[in-house]
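S.K.: Next up is a structure, given as structure tokens.
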Amino acid sequence: MPTERFQFTGEGGHQLAAALDTPDGAIHAYALFAHCFTCGKDVLAARRIATALAAKGIAVLRFDFTGLGSSEGDFANSTFSSNVADLVHAADHLRETRQAPALLIGHSLGGAAILAAAGQIAEAKAVVTIAAPSDPAHVTHLFKDRIEDIRTQGEVEVSLAGRPFRIKREFLDDVAEHNLMAQVAKLHKALLIMHSPTDDTVGIDNATQIFVAAKHPKSFVSLSGADHLLSGKRDAAYVAGVITAWAERYILPVTAEPVADLGETPRNVVVRETRDSKFQQTVTMGPHRMLADEPAAAGGQDSGPGPYDFVLAGLGACTSMTMRMYADRKSLPLDRVTVTLKHSKIHAQDCEECETREGMLDQIDRVISIEGALDADQRKRLMEIADKCPVHRTLTSEIRIVTKAAD
């Protein structure tokens, strides 16, 4: 997905580094993403979720909080309250330059911050938390052996995820003052809580407390098997897919393009590299967006169907649709058609009816299951109709592919 990088002014006048992941096509809504404590906008979970949402038509703004990543400011001077203020400034920037976010997403402490900021972003219709603590003070357990030193000395360097950070007494005082559950009770927005039952950084009981405090509409999704940082690519993809499906009920609905008549010019199919892995592509067809990839055995991530999978899917769908149209026109008692396909390579000499006699040939095995109270003649005729589907005819006829460089 295209990514725009820029800066906006955050709390205290600092310039904060931001990235806006946008769809290839129309933008249906904007989302604001808050990353985990001491992470950054480019942490794997944030980047992967933003890319997947953009593929579904939702533009996502992610940014580095004050003092983190490429943003200005001193992390030691930041607090939970300043993070909340940075989120409000980010929403203001979107509102002024594009469109206010309809969807708010927060990961870990970013989830707590997004809950605290939601009341100040009026246009937001839906809020999502991922592995969020129910109390911002929960984060202090990461450096619990240094809390007394921080209170005594005023500022102490601690190690978090193997990196040094300076924490001040003001940070401890600030997180202790927040009554997040009271804010959740007054949220008045749709809420989706996502949490792993095996999260050993922020326990699942935090999700329970947030869910109980929230008013409906509220939903909970268990991220079984996922770790706190969603380091598994499949976990991040699953989270993005669930968010997209859930949010469609609450944010502006996607307006589908009208179905083209048979006489109209076919719409373009646009395939573009995501650069998130070796082979992963976004495939855009009008309002429809999906991923294409290669299986792991071929060096891909198996995040979507492969090129030949799309070919087989097109043939299978066309076969079933053509049989259905014929059955309905002839009033045949056809209940359901199931088409199973497989692509393989065979030796040309093994194909008696093929003109090519040397080398390898492509073979597609198509097995059609026909359900319904049909007699033998009706079943035979439907099988004959299967070979008349337009995609079948295209694949078995001479095809001309014209390739040229884009201007």
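In the structure tokens, each chain is lettered A, B, ... as it comes, each chain's residues begin at 1, and ligands are numbered from 1 in order of appearance.
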Could you name the residues that touch A:Phe75 at 12 Å or less, counting only C-alpha atoms, but leaving out those on the same chain fewer than 6 positions away, as number ranges by chain?

M.R.: A: 14, 37-39, 64-69, 82-83, 155, 157, 164-168, 171

S.K.: Applying 12 Å and only C-alpha atoms, which residues near A:Val212 remain after dropping the ones on its own chain fewer than 4 positions away? List them as a VMD selection string.

M.R.: chain A and resid 134 181 to 182 184 to 185 191 193 205 to 208 216 to 220

S.K.: Got a sec: who's within 9 Å of A:Val88, counting only C-alpha atoms, leaving out chain neighbours fewer than 3 positions off, as a VMD selection string?

M.R.: chain A and resid 10 83 to 85 91 to 93 117 to 118 120 to 121

S.K.: Find the residues around A:Arg379 up to 12 Å (only C-alpha atoms counted), leave out those fewer than 2 positions away in its own chain, and share them as a short mmCIF file (atom, residue, chain, number, x, y, z; two decimals) with N, CA, C and O atoms, in the first residue's frame.

M.R.:
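After the write, around_2.cif holds the following:
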data_model
loop_
_atom_site.label_atom_id
_atom_site.label_comp_id
_atom_site.auth_asym_id
_atom_site.auth_seq_id
_atom_site.Cartn_x
_atom_site.Cartn_y
_atom_site.Cartn_z
N MET A 323 -23.48 -23.12 -14.88
CA MET A 323 -24.40 -24.22 -14.63
C MET A 323 -25.66 -23.74 -13.91
O MET A 323 -26.77 -24.20 -14.21
N TYR A 326 -27.98 -21.90 -16.38
CA TYR A 326 -28.67 -22.85 -17.25
C TYR A 326 -29.78 -23.58 -16.50
O TYR A 326 -30.91 -23.73 -17.00
N ALA A 327 -29.46 -24.03 -15.28
CA ALA A 327 -30.46 -24.77 -14.49
C ALA A 327 -31.66 -23.91 -14.18
O ALA A 327 -32.81 -24.36 -14.24
N LEU A 332 -34.48 -26.61 -13.78
CA LEU A 332 -33.97 -27.89 -13.31
C LEU A 332 -33.84 -27.86 -11.79
O LEU A 332 -33.50 -26.84 -11.20
N PRO A 333 -34.11 -28.99 -11.11
CA PRO A 333 -34.04 -29.03 -9.64
C PRO A 333 -32.59 -29.15 -9.13
O PRO A 333 -32.25 -30.10 -8.42
N LEU A 334 -31.76 -28.18 -9.51
CA LEU A 334 -30.36 -28.17 -9.08
C LEU A 334 -30.25 -27.48 -7.74
O LEU A 334 -30.61 -26.30 -7.60
N VAL A 337 -23.92 -26.64 -6.70
CA VAL A 337 -22.78 -27.08 -7.50
C VAL A 337 -21.50 -26.82 -6.70
O VAL A 337 -21.33 -25.75 -6.14
N ILE A 368 -16.63 -31.88 -10.65
CA ILE A 368 -17.87 -31.16 -10.41
C ILE A 368 -18.86 -32.05 -9.66
O ILE A 368 -19.19 -33.14 -10.13
N SER A 369 -19.31 -31.56 -8.52
CA SER A 369 -20.33 -32.26 -7.74
C SER A 369 -21.67 -31.56 -7.95
O SER A 369 -21.77 -30.35 -7.74
N ILE A 370 -22.68 -32.33 -8.36
CA ILE A 370 -24.00 -31.78 -8.64
C ILE A 370 -25.00 -32.36 -7.64
O ILE A 370 -25.18 -33.57 -7.58
N GLU A 371 -25.64 -31.50 -6.86
CA GLU A 371 -26.62 -31.93 -5.88
C GLU A 371 -28.02 -31.57 -6.34
O GLU A 371 -28.24 -30.47 -6.87
N GLY A 372 -28.96 -32.46 -6.16
CA GLY A 372 -30.34 -32.19 -6.55
C GLY A 372 -31.00 -33.43 -7.15
O GLY A 372 -30.33 -34.38 -7.56
N ALA A 373 -32.32 -33.39 -7.22
CA ALA A 373 -33.10 -34.53 -7.75
C ALA A 373 -33.13 -34.48 -9.27
O ALA A 373 -34.18 -34.25 -9.91
N LEU A 374 -31.98 -34.69 -9.89
CA LEU A 374 -31.84 -34.61 -11.35
C LEU A 374 -31.73 -36.01 -11.93
O LEU A 374 -31.12 -36.90 -11.34
N ASP A 375 -32.30 -36.21 -13.13
CA ASP A 375 -32.15 -37.52 -13.77
C ASP A 375 -30.83 -37.55 -14.53
O ASP A 375 -30.11 -36.56 -14.62
N ALA A 376 -30.52 -38.69 -15.12
CA ALA A 376 -29.23 -38.88 -15.78
C ALA A 376 -29.04 -37.92 -16.95
O ALA A 376 -27.93 -37.38 -17.16
N ASP A 377 -30.09 -37.71 -17.73
CA ASP A 377 -29.98 -36.81 -18.89
C ASP A 377 -29.72 -35.37 -18.44
O ASP A 377 -28.93 -34.64 -19.07
N ARG A 381 -26.42 -33.13 -19.34
CA ARG A 381 -26.49 -31.83 -20.01
C ARG A 381 -25.78 -30.75 -19.19
O ARG A 381 -25.08 -29.89 -19.75
N LEU A 382 -25.91 -30.77 -17.88
CA LEU A 382 -25.22 -29.80 -17.03
C LEU A 382 -23.70 -29.94 -17.14
O LEU A 382 -22.97 -28.94 -17.15
N MET A 383 -23.21 -31.17 -17.24
CA MET A 383 -21.78 -31.38 -17.40
C MET A 383 -21.30 -30.84 -18.75
O MET A 383 -20.19 -30.30 -18.87
N GLU A 384 -22.15 -30.94 -19.77
CA GLU A 384 -21.80 -30.37 -21.07
C GLU A 384 -21.77 -28.85 -21.00
O GLU A 384 -20.90 -28.20 -21.60
N ILE A 385 -22.70 -28.28 -20.25
CA ILE A 385 -22.77 -26.82 -20.10
C ILE A 385 -21.53 -26.29 -19.37
O ILE A 385 -21.07 -25.18 -19.64
N ALA A 386 -20.98 -27.11 -18.47
CA ALA A 386 -19.80 -26.67 -17.71
C ALA A 386 -18.66 -26.28 -18.65
O ALA A 386 -17.92 -25.32 -18.40
#

S.K.: Counting only C-alpha atoms, which of A:Arg48, A:Thr319, A:Ile114, A:His343 gets nearest to A:Ser277?

M.R.: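 Selected residue with least distance to A:Ser277: A:Arg48.
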
S.K.: Would you mind listing what lies within 12 Å of A:Val175 as a ChimeraX atom specification, with only C-alpha atoms counted and same-chain residues fewer than 6 positions away left out?

M.R.: /A:78-84,109,112-113,116,133-140,168-169

S.K.: Need to verify the contact set: A:His35, 7 Å, only C-alpha atoms, exclusion of same-chain residues closer than 2 positions in sequence. Can you return it as a list in words?

M.R.: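 Close residues of A:His35: Phe33, Phe37, Cys39, Gly40, Lys41, Ala46, Gly106, His107 and Gly110 of chain A.
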
S.K.: Taking 6 positions as the minimum chain separation for residues in the same chain, which residues sit within 6 Å of A:Ala348 when counting only C-alpha atoms? Answer as a PyMOL selection string.

M.R.: chain A and resi 357-361

S.K.: DSSP on the backbone: what in stretch 183-395 of chain A comes out alpha helix (DSSP H), as an MDAnalysis selection string?

M.R.: chainID A and resid 183:185 205:213 233:247 307:329 376:386 390:395
